[in-house]
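> One structure coming up, written as structure tokens, with questions to follow.
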Amino acid sequence: MALLEVKDLHTSFFTDAGEVRAVNGVSFTLERGKILGIVGESGSGKSVTAYSIMQILAAAGKIVSGSIKLDGQELVGAGEKVMKEVRGNRISIIFQDPMTSLNPTYTIGQQLMEAIHLHTDRDKQQSWDRAVEMLRLVNVNDPEKRMKQYPHELSGGMRQRVMIAMALACEPDILIADEPTTALDVTIQAGILELMKDIQSKIGMAIIMITHDLGVVAQLCDEVIVMYAGGICEQGTADEIFYNPCHEYTKGLLRSIPTADDSGDRLEPISGTPIDLLNMPKGCPFAPRCDNAMKICMREHCEKMTINENHSAACWMNVRKAVKGE
Amino acid sequence: MSTNKTSEQPLIEVRNLKQYFNINAGFFKSIPLKAVDDISFTIREGETLGLVGESGCGKTTAGRTILHLYKPTAGEIIYRGKSIKTAKDIEEFRKKATMVFQDPYSSLDPRMTVADIIGEPLDVHHMYKSEQERRDKILELMEHVGLNSEHAARYAHEFSGGQRQRVGIARSLAVDPDFIVCDEPVSALDVSIQAQVINMFDELQSKMGLTYLFIAHDLLVVRHISDRIAVMYLGRMVELADAADIYERPLHPYSKALISAVPVPDPKVARANKRIALSGEIPSPLNAPSGCPFHTRCPYAQPRCAESMPEFKEVEKGRFVACHRTEEINS
Ligand SMILES: Nc1ncnc2c1ncn2[C@@H]1O[C@H](COP(=O)(O)OP(=O)(O)OP(=O)(O)O)[C@@H](O)[C@H]1O
Ligand SMILES: Nc1ncnc2c1ncn2[C@@H]1O[C@H](COP(=O)(O)OP(=O)(O)O)[C@@H](O)[C@H]1O
Ligand code: SF4
Ligand code: SF4
Ligand SMILES: [Mg+2]
Ligand SMILES: [Mg+2]
């Protein structure tokens with residue numbers, strides 16, 4: 001049984017302007033010990049997917065349909081009591097901006113100990129020891145001294161590592177990291193990614209890594225989901241996505257970024273502007289920006305198609321390839 | 001982009017530039033924060049010089065001080081062979097040297113129309129004789145950056161990030177500059193939009209012969225757009241070289257670590273990459289280490305590194321490095 005199984009998830013926000021279908025039929029499974037990357041442009045539904053799993057959506061947001069199973073247990077409709085337990089002990093989340101989740105008025109130690117105390121039955125002394133151990137694990141120097149400091153006294157990279165320590169304190173089965181390094185410098189980012197990979201292999205948890213940085217995905221992830229307009233356009237192993245992309249959006253994304261052996265030639269941008277979820281086209285949501293759009297693309301949404309056992313994509317081009325025997 | 005169209009003639013020469021901010025240390029005492037500490041380099045006409053380094057190392061401050069948006073604490077800016085000194089020099093220089101900012105969301109006044117945002121520098125510098133001329137100039141600028149004339153009457157907040165950045169660039173072009181400091185101009189944009197804006201910088205450069213100082217933290221973007229790249233650490237320049245050279249064969253220990261940390265969008269390359277982990281935190285510029293500013297984190301540091309400051313010197317033709325051990329560690 002998969003550790004996490006998400007099936008046909010639909011999440012909407014009910015706003016004055018209408019229903020915003022932020023997540024529109026997302027399905028994937030996550031196995032124990034794997035690192036799954038979710039990429040896509042801003043507004044494509046990455047965070048809302050994560051918040052749906054945690055059931056921490058804003059008031060206007062609601063899981064409209066679908067299923068989310070953790071070790072076979074259905075979470076959609078399971079109630080707040082179950083979710084509290086899940087959030088406390090099974091799935092942790094790290095947010096992009098560590099200041100939004102660290103309380104400025106408490107010391108690092110108080111916050112870490114609180115998290116540990118809440119989720120385990122350790123007493124005060126044991127919580128202290130564990131907190132120091134966690135800080136050491138995430139390479140925060142002088143952990144005893146840091147315990148007594150306030151968040152604003154630490155650098156951005158250090159705060160992010162404290163967040164990771166906090167998220168790991170309850171030894172979750174799944175760590176969701178929502179753009180955890182976007183605000184950091186590359187040298188600090190490299191350290192944090194290495195650290196996550198290291199801890200992941202030590203304690204065997206699974207990670208969902210949300211990012212818009214394809215470099216981060218290449219470095220860290222076993223599997224990748226590419227999202228566009230609330231849906232999954234392509235998913236597969238990292239090698240399949242990078243070396244055999246089968247959706248025009250993924251191809252465009254890979255063509256538009258400078259690479260390691262950049263020649264300085266013109267980049268090939270994706271044309272047009274990002275999608276407006278309140279104004280979705282009828283067929284393939286990428287069709288208005290797709291250079292290869294065909295008639296059928298405007299008419300009909302393409303269902304997920306299997307490319308091989310490690311790879312699927314929702315793009316009509318694959319049918320054309322199949323028909324032409326390419 | 002390509003080196004062949006840049007001339008050997010320096011457009012901008014920066015000599016021993018310093019920018020110290022006075023920080024209140026209580027009890028009426030203040031201590032200097034050395035945001036930029038003695039940097040010297042030249043930018044050739046038509047060239048793009050990339051400027052990289054960790055957050056807080058002084059990139060923005062360097063850019064702003066070069067433009068005299070901050071009064072330099074010490075040092076000299078020489079534009080086309082002439083030192084910028086008097087108020088009049090500065091005023092003239094501001095028509096030739098402008099800046100594009102990082103955040104297209106906050107750098108434009110949301111209550112102004114696009115036409116007025118772009119036209120403002122024209123007003124400030126009295127650069128037209130009639131309303132008609134002003135209008136024509138604005139429309140021409142909009143065309144340069146790929147905006148429609150129908151966008152002119154709309155407000156900045158109605159635009160997407162990529163479009164706002166175009167508005168910001170059109171505005172910085174209004175005075176007809178030949179030098180632009182681009183401070184993280186694509187960082188706030190979505191990946192799919194970044195390429196459009198980067199290409200636009202390229203096209204404007206070849207069309208108008210512009211010279212750029214391009215500040216960014218994405219090293220792959222910087223390498224793509226730059227002819228040469230300068231690396232800063234704690235207010236100092238530690239290496240300056242050809243973009244391809246520095247990327248393939250960084251000589252300074254800090255450049256080596258920085259480049260090894262670049263997340264490469266290619267799984268096989270990324271897995272094979274050996275990243276150089278730096279220990280320790282970035283020191284505060286209020287309390288910079290003695291000697292070589294990098295010695296507290298440098299894997300090659302020796303006792304002498306804490307004692308004396310390495311000179312920023314030419315180690316190969318056109319290649320500058322500030323490290324006592326350049327020859328030893330790179331042979
Ligand atoms: N107006 C100011 N007053 C005091 N200190 C300042 C001021 N502007 C910048 N600094 C300090 O100068 C140093 C360099 O800042 P600067 O903004 O140039 O960094 P940067 O390299 O552009 O960083 P980033 O990548 O985060 O934009 C920092 O320590 C910063 O806190
Ligand atoms: N609280 C909210 N109210 C209304 N719409 C929201 C809210 N949060 C997110 N959305 C919308 O849901 C869509 C997906 O957002 P999100 O998942 O945050 O994107 P990203 O992929 O950048 O993480 C966007 O169109 C966003 O505007
Ligand atoms: S389905 Fe059609 S429009 Fe959509 S990405 Fe594929 S080719 Fe383009
Ligand atoms: S001078 Fe010494 S500390 Fe500085 S970079 Fe060179 S080897 Fe490292
Ligand atoms: Mg998000
Ligand atoms: Mg800056």
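Identifiers for the structure tokens are assigned positionally: chains receive A, B, ... in sequence, residues are indexed from 1 per chain, and ligands are indexed from 1 in the order shown.
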Which residues are near ligand 6 - at most 12 Å, using only C-alpha atoms and all ligand atoms? Format: as an MDAnalysis selection string.
(chainID A and resid 185) or (chainID B and resid 35 51:64 100:103 181:185 187 214:217 232)
> May I ask you to write as a VMD selection string all residues lying at most 6 Å from ligand 3, with only C-alpha atoms and all ligand atoms counted?
chain A and resid 247 to 249 284 286 to 287 290 292 to 294 297 302 315 to 317
> Just list as an MDAnalysis selection string whatever in region 73-177 of chain A DSSP marks as alpha helix (DSSP H).
chainID A and resid 80:85 98:101 108:119 124:137 143:147 156:168
> Grab the residues selected above and save them as a compact mmCIF listing (two decimals), in the first residue's frame with N, CA and C atoms.

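So selection.txt came out as:
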```txt
# COMPACT_ATOMS: atom_id res chain seq x y z
N GLU A 80 -11.69 16.93 12.25
CA GLU A 80 -10.57 17.70 12.77
C GLU A 80 -9.73 16.89 13.76
N LYS A 81 -10.36 15.97 14.48
CA LYS A 81 -9.62 15.20 15.48
C LYS A 81 -8.55 14.33 14.80
N VAL A 82 -8.97 13.66 13.74
CA VAL A 82 -8.03 12.83 12.99
C VAL A 82 -6.94 13.71 12.37
N MET A 83 -7.36 14.84 11.80
CA MET A 83 -6.39 15.71 11.12
C MET A 83 -5.36 16.28 12.08
N LYS A 84 -5.80 16.58 13.30
CA LYS A 84 -4.86 17.08 14.31
C LYS A 84 -3.77 16.06 14.55
N GLU A 85 -4.19 14.84 14.66
CA GLU A 85 -3.25 13.73 14.88
C GLU A 85 -2.31 13.59 13.67
N PRO A 98 10.06 31.55 6.73
CA PRO A 98 10.11 30.99 8.08
C PRO A 98 9.53 31.94 9.13
N MET A 99 9.54 33.26 8.84
CA MET A 99 9.02 34.19 9.83
C MET A 99 7.52 34.04 10.02
N THR A 100 6.81 33.52 9.00
CA THR A 100 5.37 33.37 9.17
C THR A 100 5.06 32.21 10.11
N SER A 101 5.99 31.30 10.28
CA SER A 101 5.65 30.18 11.14
C SER A 101 6.45 30.11 12.44
N ILE A 108 13.71 30.27 20.31
CA ILE A 108 13.78 29.07 19.48
C ILE A 108 13.54 27.82 20.34
N GLY A 109 14.17 27.82 21.52
CA GLY A 109 14.04 26.67 22.41
C GLY A 109 12.61 26.44 22.85
N GLN A 110 11.95 27.52 23.29
CA GLN A 110 10.56 27.38 23.73
C GLN A 110 9.69 26.79 22.63
N GLN A 111 9.92 27.27 21.39
CA GLN A 111 9.06 26.80 20.30
C GLN A 111 9.35 25.36 19.93
N LEU A 112 10.63 25.02 19.91
CA LEU A 112 10.99 23.64 19.59
C LEU A 112 10.48 22.68 20.67
N MET A 113 10.66 23.06 21.93
CA MET A 113 10.25 22.19 23.02
C MET A 113 8.74 22.00 23.03
N GLU A 114 8.04 23.07 22.74
CA GLU A 114 6.58 23.00 22.64
C GLU A 114 6.17 21.97 21.59
N ALA A 115 6.83 22.07 20.41
CA ALA A 115 6.49 21.15 19.33
C ALA A 115 6.78 19.70 19.75
N ILE A 116 7.89 19.50 20.40
CA ILE A 116 8.27 18.15 20.80
C ILE A 116 7.32 17.64 21.90
N HIS A 117 7.06 18.50 22.84
CA HIS A 117 6.19 18.13 23.95
C HIS A 117 4.79 17.76 23.46
N LEU A 118 4.30 18.51 22.48
CA LEU A 118 2.96 18.27 21.95
C LEU A 118 2.84 16.91 21.28
N HIS A 119 3.92 16.52 20.62
CA HIS A 119 3.79 15.35 19.76
C HIS A 119 4.38 14.08 20.35
N LYS A 124 10.08 17.75 30.30
CA LYS A 124 10.75 19.00 29.96
C LYS A 124 12.24 18.79 29.63
N GLN A 125 12.94 18.09 30.50
CA GLN A 125 14.36 17.86 30.30
C GLN A 125 14.60 17.08 29.00
N GLN A 126 13.79 16.04 28.79
CA GLN A 126 13.94 15.23 27.58
C GLN A 126 13.64 16.07 26.33
N SER A 127 12.64 16.95 26.43
CA SER A 127 12.31 17.82 25.30
C SER A 127 13.47 18.75 24.99
N TRP A 128 14.08 19.28 26.02
CA TRP A 128 15.25 20.16 25.84
C TRP A 128 16.35 19.41 25.11
N ASP A 129 16.66 18.22 25.61
CA ASP A 129 17.73 17.43 25.00
C ASP A 129 17.43 17.13 23.53
N ARG A 130 16.19 16.76 23.30
CA ARG A 130 15.77 16.42 21.95
C ARG A 130 15.87 17.65 21.03
N ALA A 131 15.45 18.81 21.55
CA ALA A 131 15.50 20.04 20.76
C ALA A 131 16.94 20.36 20.36
N VAL A 132 17.85 20.24 21.32
CA VAL A 132 19.26 20.51 21.03
C VAL A 132 19.76 19.51 19.98
N GLU A 133 19.35 18.28 20.13
CA GLU A 133 19.76 17.24 19.18
C GLU A 133 19.24 17.57 17.77
N MET A 134 17.99 18.05 17.70
CA MET A 134 17.42 18.40 16.40
C MET A 134 18.19 19.56 15.77
N LEU A 135 18.53 20.56 16.56
CA LEU A 135 19.28 21.70 16.03
C LEU A 135 20.64 21.24 15.51
N ARG A 136 21.23 20.31 16.24
CA ARG A 136 22.53 19.80 15.80
C ARG A 136 22.35 19.06 14.46
N LEU A 137 21.28 18.29 14.38
CA LEU A 137 20.98 17.52 13.17
C LEU A 137 20.88 18.43 11.94
N PRO A 143 24.13 24.99 19.35
CA PRO A 143 22.70 24.78 19.57
C PRO A 143 22.21 25.22 20.95
N GLU A 144 23.03 25.01 22.00
CA GLU A 144 22.55 25.40 23.34
C GLU A 144 22.30 26.90 23.41
N LYS A 145 23.21 27.66 22.78
CA LYS A 145 23.06 29.11 22.78
C LYS A 145 21.85 29.53 21.94
N ARG A 146 21.68 28.88 20.80
CA ARG A 146 20.56 29.23 19.91
C ARG A 146 19.21 29.01 20.57
N MET A 147 19.14 28.00 21.43
CA MET A 147 17.89 27.69 22.11
C MET A 147 17.35 28.91 22.84
N GLY A 156 18.56 34.31 7.91
CA GLY A 156 17.49 33.66 7.16
C GLY A 156 17.71 32.16 7.00
N GLY A 157 18.94 31.80 6.65
CA GLY A 157 19.24 30.39 6.44
C GLY A 157 19.12 29.60 7.73
N MET A 158 19.52 30.24 8.82
CA MET A 158 19.44 29.55 10.11
C MET A 158 17.99 29.37 10.54
N ARG A 159 17.18 30.40 10.32
CA ARG A 159 15.75 30.30 10.65
C ARG A 159 15.10 29.18 9.87
N GLN A 160 15.51 29.07 8.58
CA GLN A 160 14.91 28.02 7.76
C GLN A 160 15.31 26.65 8.31
N ARG A 161 16.54 26.53 8.80
CA ARG A 161 16.96 25.26 9.37
C ARG A 161 16.25 24.97 10.68
N VAL A 162 15.96 26.02 11.45
CA VAL A 162 15.18 25.83 12.68
C VAL A 162 13.78 25.31 12.33
N MET A 163 13.20 25.88 11.27
CA MET A 163 11.90 25.41 10.79
C MET A 163 11.94 23.93 10.44
N ILE A 164 13.02 23.55 9.77
CA ILE A 164 13.14 22.15 9.40
C ILE A 164 13.25 21.29 10.66
N ALA A 165 14.04 21.76 11.61
CA ALA A 165 14.17 21.03 12.88
C ALA A 165 12.80 20.87 13.53
N MET A 166 12.02 21.94 13.50
CA MET A 166 10.70 21.91 14.11
C MET A 166 9.81 20.91 13.39
N ALA A 167 9.87 20.95 12.04
CA ALA A 167 9.03 20.04 11.26
C ALA A 167 9.44 18.59 11.47
N LEU A 168 10.72 18.38 11.77
CA LEU A 168 11.19 17.01 11.93
C LEU A 168 11.05 16.51 13.36
```
> Residues of chain A within 6 Å of chain B, using only C-alpha atoms, as a list in words?
Asp185, Val186, Thr187, Ala190, Leu214, Gly215, Val216, Ala218, Gln219, Ser256, Pro258, Gly264, Leu267, Pro269 and Ile270 of chain A
> How would you report the residues lying within 10 Å of ligand 4, as a ChimeraX atom specification, if you count only C-alpha atoms and all ligand atoms?
/B:238,251-255,291-311,321-326,328-329
> List all protein, DNA and RNA residues that have an atom no more than 10 Å from any atom of ligand 5, counting only C-alpha atoms and all ligand atoms, and report them as a list in words.
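Selection of residues at most 10 Å from ligand 5: Val39, Gly40, Glu41, Ser42, Gly43, Ser44, Gly45, Lys46, Ser47, Val48, Thr49, Ala50, Tyr51, Phe95, Gln96, Asp178, Glu179, Ile210, Thr211 and His212 of chain A.
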> For the residues selected in the previous step, produce a file with all heavy atoms as a tab-separated table (two decimals), in the first residue's frame.

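out09.tsv was written with the following content:
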```tsv
chain	number	residue	atom	x	y	z
A	39	VAL	N	6.39	20.90	-9.52
A	39	VAL	CA	6.79	22.16	-10.14
A	39	VAL	C	5.63	22.74	-10.93
A	39	VAL	O	4.66	22.06	-11.26
A	39	VAL	CB	7.99	22.00	-11.10
A	39	VAL	CG1	9.25	21.65	-10.36
A	39	VAL	CG2	7.71	20.96	-12.17
A	40	GLY	N	5.74	24.01	-11.26
A	40	GLY	CA	4.70	24.67	-12.03
A	40	GLY	C	4.76	26.15	-11.74
A	40	GLY	O	5.35	26.56	-10.74
A	41	GLU	N	4.16	26.97	-12.62
A	41	GLU	CA	4.28	28.40	-12.42
A	41	GLU	C	3.45	28.85	-11.23
A	41	GLU	O	2.65	28.09	-10.70
A	41	GLU	CB	3.93	29.18	-13.69
A	41	GLU	CG	2.52	28.99	-14.15
A	41	GLU	CD	2.34	29.52	-15.58
A	41	GLU	OE1	3.31	29.96	-16.20
A	41	GLU	OE2	1.21	29.50	-16.04
A	42	SER	N	3.66	30.08	-10.83
A	42	SER	CA	2.96	30.58	-9.67
A	42	SER	C	1.46	30.59	-9.96
A	42	SER	O	1.03	30.94	-11.05
A	42	SER	CB	3.54	31.95	-9.33
A	42	SER	OG	2.53	32.88	-9.19
A	43	GLY	N	0.67	30.11	-9.00
A	43	GLY	CA	-0.76	30.03	-9.18
A	43	GLY	C	-1.25	28.75	-9.81
A	43	GLY	O	-2.43	28.58	-10.07
A	44	SER	N	-0.33	27.80	-10.05
A	44	SER	CA	-0.75	26.57	-10.73
A	44	SER	C	-1.39	25.57	-9.78
A	44	SER	O	-1.90	24.54	-10.22
A	44	SER	CB	0.45	25.93	-11.44
A	44	SER	OG	1.48	25.65	-10.53
A	45	GLY	N	-1.36	25.83	-8.47
A	45	GLY	CA	-2.06	24.96	-7.53
A	45	GLY	C	-1.15	24.10	-6.67
A	45	GLY	O	-1.62	23.19	-5.98
A	46	LYS	N	0.13	24.37	-6.67
A	46	LYS	CA	1.08	23.56	-5.90
A	46	LYS	C	0.78	23.67	-4.40
A	46	LYS	O	0.60	22.67	-3.72
A	46	LYS	CB	2.52	24.02	-6.18
A	46	LYS	CG	2.89	24.05	-7.65
A	46	LYS	CD	4.33	24.48	-7.89
A	46	LYS	CE	4.67	25.90	-7.46
A	46	LYS	NZ	4.04	26.96	-8.28
A	47	SER	N	0.73	24.89	-3.91
A	47	SER	CA	0.50	25.08	-2.47
A	47	SER	C	-0.87	24.59	-2.06
A	47	SER	O	-1.02	23.97	-1.01
A	47	SER	CB	0.64	26.55	-2.09
A	47	SER	OG	1.94	27.00	-2.35
A	48	VAL	N	-1.87	24.87	-2.89
A	48	VAL	CA	-3.22	24.45	-2.52
A	48	VAL	C	-3.31	22.92	-2.44
A	48	VAL	O	-3.98	22.37	-1.57
A	48	VAL	CB	-4.27	25.04	-3.48
A	48	VAL	CG1	-5.66	24.48	-3.19
A	48	VAL	CG2	-4.29	26.56	-3.38
A	49	THR	N	-2.58	22.23	-3.30
A	49	THR	CA	-2.52	20.77	-3.21
A	49	THR	C	-1.96	20.36	-1.84
A	49	THR	O	-2.53	19.51	-1.15
A	49	THR	CB	-1.61	20.20	-4.32
A	49	THR	OG1	-2.16	20.58	-5.59
A	49	THR	CG2	-1.52	18.69	-4.25
A	50	ALA	N	-0.88	21.02	-1.44
A	50	ALA	CA	-0.26	20.70	-0.15
A	50	ALA	C	-1.20	21.03	1.01
A	50	ALA	O	-1.38	20.22	1.93
A	50	ALA	CB	1.04	21.48	0.00
A	51	TYR	N	-1.81	22.22	0.94
A	51	TYR	CA	-2.70	22.62	2.04
A	51	TYR	C	-3.93	21.71	2.10
A	51	TYR	O	-4.49	21.50	3.17
A	51	TYR	CB	-3.14	24.08	1.87
A	51	TYR	CG	-2.00	25.08	1.89
A	51	TYR	CD1	-2.21	26.41	1.54
A	51	TYR	CD2	-0.71	24.69	2.25
A	51	TYR	CE1	-1.16	27.33	1.55
A	51	TYR	CE2	0.34	25.61	2.25
A	51	TYR	CZ	0.11	26.91	1.89
A	51	TYR	OH	1.14	27.81	1.89
A	95	PHE	N	7.04	26.13	5.45
A	95	PHE	CA	6.58	27.18	4.54
A	95	PHE	C	7.75	27.97	3.97
A	95	PHE	O	8.85	27.94	4.50
A	95	PHE	CB	5.62	28.12	5.27
A	95	PHE	CG	4.40	27.44	5.77
A	95	PHE	CD1	4.31	27.03	7.09
A	95	PHE	CD2	3.34	27.17	4.92
A	95	PHE	CE1	3.18	26.38	7.56
A	95	PHE	CE2	2.22	26.52	5.38
A	95	PHE	CZ	2.13	26.11	6.70
A	96	GLN	N	7.42	28.72	2.92
A	96	GLN	CA	8.45	29.50	2.24
A	96	GLN	C	9.12	30.51	3.16
A	96	GLN	O	10.32	30.64	3.20
A	96	GLN	CB	7.81	30.22	1.05
A	96	GLN	CG	8.74	31.21	0.38
A	96	GLN	CD	8.23	31.64	-0.97
A	96	GLN	OE1	7.22	31.13	-1.46
A	96	GLN	NE2	8.90	32.56	-1.60
A	178	ASP	N	7.21	23.61	1.13
A	178	ASP	CA	6.65	24.52	0.13
A	178	ASP	C	7.65	25.64	-0.17
A	178	ASP	O	7.76	26.59	0.59
A	178	ASP	CB	5.33	25.10	0.64
A	178	ASP	CG	4.57	25.85	-0.46
A	178	ASP	OD1	5.08	25.91	-1.60
A	178	ASP	OD2	3.47	26.37	-0.18
A	179	GLU	N	8.39	25.51	-1.25
A	179	GLU	CA	9.42	26.48	-1.63
A	179	GLU	C	10.32	26.82	-0.44
A	179	GLU	O	10.47	28.00	-0.11
A	179	GLU	CB	8.78	27.75	-2.19
A	179	GLU	CG	7.67	27.47	-3.18
A	179	GLU	CD	7.96	28.00	-4.58
A	179	GLU	OE1	9.07	28.46	-4.82
A	179	GLU	OE2	7.06	27.90	-5.42
A	210	ILE	N	7.93	21.23	-3.05
A	210	ILE	CA	7.25	22.14	-3.96
A	210	ILE	C	8.22	23.26	-4.34
A	210	ILE	O	8.80	23.89	-3.47
A	210	ILE	CB	6.01	22.75	-3.29
A	210	ILE	CG1	5.03	21.62	-2.95
A	210	ILE	CG2	5.36	23.79	-4.17
A	210	ILE	CD1	3.82	22.08	-2.18
A	211	THR	N	8.39	23.48	-5.62
A	211	THR	CA	9.36	24.48	-6.03
A	211	THR	C	9.06	24.93	-7.46
A	211	THR	O	8.37	24.25	-8.20
A	211	THR	CB	10.80	23.93	-5.95
A	211	THR	OG1	11.71	24.90	-6.46
A	211	THR	CG2	10.96	22.66	-6.78
A	212	HIS	N	9.57	26.11	-7.84
A	212	HIS	CA	9.48	26.46	-9.24
A	212	HIS	C	10.86	26.34	-9.88
A	212	HIS	O	11.03	26.66	-11.04
A	212	HIS	CB	8.90	27.85	-9.42
A	212	HIS	CG	9.75	28.90	-8.80
A	212	HIS	ND1	9.47	29.43	-7.56
A	212	HIS	CD2	10.90	29.46	-9.21
A	212	HIS	CE1	10.42	30.30	-7.25
A	212	HIS	NE2	11.31	30.33	-8.22
```
> If I take CA of Ser290 (chain B) and CA of Ile39 (chain B), how far is one from the other in Å, to one decimal?
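Separation of CA of Ser290 (chain B) and CA of Ile39 (chain B): 17.2 Å.
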> As a list in words, please: all residues of region 95-239 of chain A that backbone DSSP puts in strand (DSSP E).
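Taking region 95-239 of chain A and keeping strand (DSSP E) gives Ile174, Leu175, Ile176, Ala177, Asp178, Ala206, Ile207, Ile208, Met209, Ile210, Glu223, Val224, Ile225, Val226, Met227, Tyr228, Gly231, Ile232, Cys233, Glu234, Gln235, Gly236 and Thr237 of chain A.
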